[in-house]
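Undergrad: Contents are mmCIF, C-alpha atoms; file name protein13.cif:
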```
data_structure
#
loop_
_atom_site.label_atom_id
_atom_site.label_comp_id
_atom_site.auth_asym_id
_atom_site.auth_seq_id
_atom_site.Cartn_x
_atom_site.Cartn_y
_atom_site.Cartn_z
CA MET A 241 35.29 76.12 52.07
CA ILE A 242 36.56 74.98 55.45
CA LEU A 243 37.83 71.42 55.79
CA GLY A 244 35.82 69.43 58.27
CA LYS A 245 32.41 70.51 56.99
CA LYS A 246 30.61 67.48 55.58
CA THR A 247 29.40 69.11 52.38
CA GLU A 248 32.06 68.46 49.74
CA SER A 249 34.93 68.94 52.21
CA TRP A 250 36.72 65.98 50.61
CA ARG A 251 37.02 67.90 47.34
CA GLU A 252 39.05 70.59 49.11
CA ALA A 253 41.62 67.98 50.16
CA LEU A 254 42.11 66.79 46.58
CA LYS A 255 44.38 69.71 45.74
CA PHE A 256 47.09 67.75 47.58
CA ILE A 257 46.67 64.74 45.27
CA SER A 258 47.57 66.03 41.86
CA ARG A 259 49.40 63.36 39.84
CA CYS A 260 48.80 59.77 38.82
CA PRO A 261 51.38 57.53 40.53
CA VAL A 262 51.53 55.29 37.43
CA CYS A 263 52.11 57.72 34.56
CA ASN A 264 52.62 61.06 36.39
CA GLU A 265 49.76 62.73 34.48
CA ASN A 266 47.84 65.47 36.28
CA TYR A 267 44.51 64.16 37.54
CA ASN A 268 41.29 65.73 36.36
CA LEU A 269 39.98 66.15 39.90
CA GLU A 270 36.46 66.85 38.69
CA GLY A 271 36.21 63.12 38.01
CA ALA A 272 37.09 62.15 41.59
CA LYS A 273 34.35 60.24 43.37
CA LEU A 274 33.65 59.90 47.05
CA VAL A 275 33.36 56.26 48.15
CA GLU A 276 32.66 57.01 51.82
CA GLU A 277 33.05 59.77 54.37
CA LYS A 278 33.00 59.25 58.12
CA ASP A 279 33.98 61.70 60.83
CA ASN A 280 37.30 63.19 59.70
CA ALA A 281 38.11 60.60 56.99
CA SER A 282 37.21 60.50 53.30
CA LEU A 283 37.81 57.53 50.98
CA ILE A 284 38.17 58.86 47.42
CA HIS A 285 38.42 57.04 44.07
CA LEU A 286 40.34 58.60 41.17
CA THR A 287 40.76 57.46 37.58
CA CYS A 288 43.65 58.70 35.47
CA GLY A 289 42.50 60.16 32.17
CA ARG A 290 45.73 59.15 30.46
CA CYS A 291 46.52 55.56 31.55
CA GLN A 292 43.07 54.73 32.96
CA GLY A 293 44.72 53.55 36.19
CA TYR A 294 42.64 53.58 39.36
CA PHE A 295 43.74 55.07 42.67
CA LEU A 296 42.11 54.98 46.11
CA THR A 297 43.12 57.48 48.73
CA MET A 298 42.09 58.03 52.32
CA VAL A 299 42.30 61.66 53.38
CA LEU A 300 42.20 62.44 57.09
CA ASN A 301 41.48 65.92 58.43
CA PHE A 302 42.96 66.46 61.88
CA GLY A 303 41.83 70.07 62.16
CA HIS A 304 45.43 71.31 62.30
CA GLY A 305 46.46 69.48 59.14
CA LEU A 306 45.78 66.78 56.59
CA SER A 307 47.17 63.32 56.14
CA SER A 308 46.59 60.96 53.26
CA VAL A 309 47.50 57.47 52.22
CA GLY A 310 46.74 55.98 48.86
CA MET A 311 47.15 52.93 46.72
CA ILE A 312 47.02 51.95 43.09
CA THR A 313 44.21 49.47 42.55
CA ASP A 314 42.40 47.52 39.87
CA LEU A 315 39.02 48.42 41.41
CA ASN A 316 36.80 50.74 39.44
CA TYR A 317 34.49 53.04 41.42
CA ASP A 318 31.58 50.60 41.48
CA ASP A 319 33.87 47.77 42.67
CA ALA A 320 35.33 49.97 45.40
CA GLN A 321 31.86 50.89 46.67
CA ARG A 322 30.67 47.28 46.61
CA ILE A 323 33.71 45.96 48.46
CA TYR A 324 33.68 48.81 50.99
CA ARG A 325 30.03 48.18 51.80
CA SER A 326 30.46 44.40 52.06
CA GLY A 327 32.25 44.75 55.39
CA PRO A 328 35.33 43.08 56.81
CA LEU A 329 36.33 39.50 56.11
CA THR A 330 35.31 36.97 58.70
CA LEU A 331 37.74 34.54 60.27
CA ASP A 332 35.90 31.68 58.54
CA GLU A 333 36.40 33.34 55.14
CA VAL A 334 40.12 33.70 55.79
CA LEU A 335 40.46 30.07 56.94
CA ASN A 336 38.40 28.76 54.00
CA THR A 337 40.57 30.68 51.55
CA HIS A 338 43.73 29.35 53.18
CA GLN A 339 42.40 25.79 52.95
CA LEU A 340 41.45 26.28 49.29
CA ILE A 341 44.93 27.53 48.47
CA GLU A 342 46.57 24.64 50.33
CA LYS A 343 44.23 22.04 48.77
CA ASN A 344 44.84 23.23 45.22
CA ASN A 345 48.58 23.76 45.76
CA PHE A 346 48.58 27.24 44.25
CA ASN A 347 52.04 28.59 43.57
CA PHE A 348 52.51 32.31 44.09
#
```
Just give me the structure as structure tokens.
TA:
Amino acid sequence: MILGKKTESWREALKFISRCPVCNENYNLEGAKLVEEKDNASLIHLTCGRCQGYFLTMVLNFGHGLSSVGMITDLNYDDAQRIYRSGPLTLDEVLNTHQLIEKNNFNF
């Protein structure tokens, strides 16, 4: 399969993401789920079979090579889809959250 073709091209890129960053266990890549794919980018959700940790990775195909960035998360696949589809935060949401934190004197 050639990277860049829409049909399952994201699965081809998974061979570069092989181990859980939490426990170092090999991922069962058959359980990887595509959250979204646009143009040359794929957002992929992985769950470690050993520690049950979640990992989101963005894989970019530049034609001449791949690049990826990932993060450990507490979002399961359904959460990741819901949040991705909800769109970006608005300025009002950010300001309201800031005011709520200030009002309640949260300590971080």
Undergrad: How many Å separate CA of Ala272 (chain A) from CA of Lys255 (chain A)?
TA: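 Between these atoms lies a distance of 11.3 Å.
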Undergrad: Using all atoms listed in the file, collect all residues at a distance of at most 12 Å from (47.0, 64.9, 58.3) as written in the file, then present them as a PDB file with C-alpha atoms, in the coordinates of the input.
TA:
```pdb
ATOM      1  CA  LEU A 243      37.830  71.420  55.790  1.00  0.00           C
ATOM      2  CA  ALA A 253      41.620  67.980  50.160  1.00  0.00           C
ATOM      3  CA  PHE A 256      47.090  67.750  47.580  1.00  0.00           C
ATOM      4  CA  ASN A 280      37.300  63.190  59.700  1.00  0.00           C
ATOM      5  CA  ALA A 281      38.110  60.600  56.990  1.00  0.00           C
ATOM      6  CA  SER A 282      37.210  60.500  53.300  1.00  0.00           C
ATOM      7  CA  MET A 298      42.090  58.030  52.320  1.00  0.00           C
ATOM      8  CA  VAL A 299      42.300  61.660  53.380  1.00  0.00           C
ATOM      9  CA  LEU A 300      42.200  62.440  57.090  1.00  0.00           C
ATOM     10  CA  ASN A 301      41.480  65.920  58.430  1.00  0.00           C
ATOM     11  CA  PHE A 302      42.960  66.460  61.880  1.00  0.00           C
ATOM     12  CA  GLY A 303      41.830  70.070  62.160  1.00  0.00           C
ATOM     13  CA  HIS A 304      45.430  71.310  62.300  1.00  0.00           C
ATOM     14  CA  GLY A 305      46.460  69.480  59.140  1.00  0.00           C
ATOM     15  CA  LEU A 306      45.780  66.780  56.590  1.00  0.00           C
ATOM     16  CA  SER A 307      47.170  63.320  56.140  1.00  0.00           C
ATOM     17  CA  SER A 308      46.590  60.960  53.260  1.00  0.00           C
ATOM     18  CA  VAL A 309      47.500  57.470  52.220  1.00  0.00           C
TER      19      VAL A 309
END
```
Undergrad: Just say which residues the PyMOL selection byres ((chain A and resi 284) around 6) picks in this file, as a list of chain:residue names.
TA: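 The output of the PyMOL selection byres ((chain A and resi 284) around 6) on this file is A:Lys273, A:Leu274, A:Val275, A:Leu283, A:His285, A:Leu296, A:Thr297.
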Undergrad: If you measure from CA of Phe295 (chain A) to CA of Ile312 (chain A), what distance in Å do you get, rounded to one decimal?
TA: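 About the pair CA of Phe295 (chain A) and CA of Ile312 (chain A): they are 4.5 Å apart.
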Undergrad: Would you list the contacts of Leu286 (chain A) as a PyMOL selection string, taking every protein, DNA or RNA residue within 12 Å and counting all atoms listed in the file, but skipping same-chain residues closer than 5 positions in sequence?
TA: chain A and resi 251+254+257-261+266-275+291-298+310-318+320
Undergrad: Pick from A:Thr330, A:Glu276, A:Glu265, A:Lys343: nearest to Arg290 (chain A), with all atoms listed in the file counted?
TA: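 For Arg290 (chain A), the nearest of the given residues is A:Glu265.
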Undergrad: CA of Asp332 (chain A) and CA of Asn344 (chain A) are how many Å apart?
TA: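 Value for the CA of Asp332 (chain A)-CA of Asn344 (chain A) distance: 18.1 Å.
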Undergrad: Looking at A:Cys263, A:Glu333, A:Glu342, A:Trp250, which one is nearest to Asp279 (chain A), with distances taken over all atoms listed in the file?
TA: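 The shortest atom-to-atom distance to Asp279 (chain A) comes from A:Trp250.
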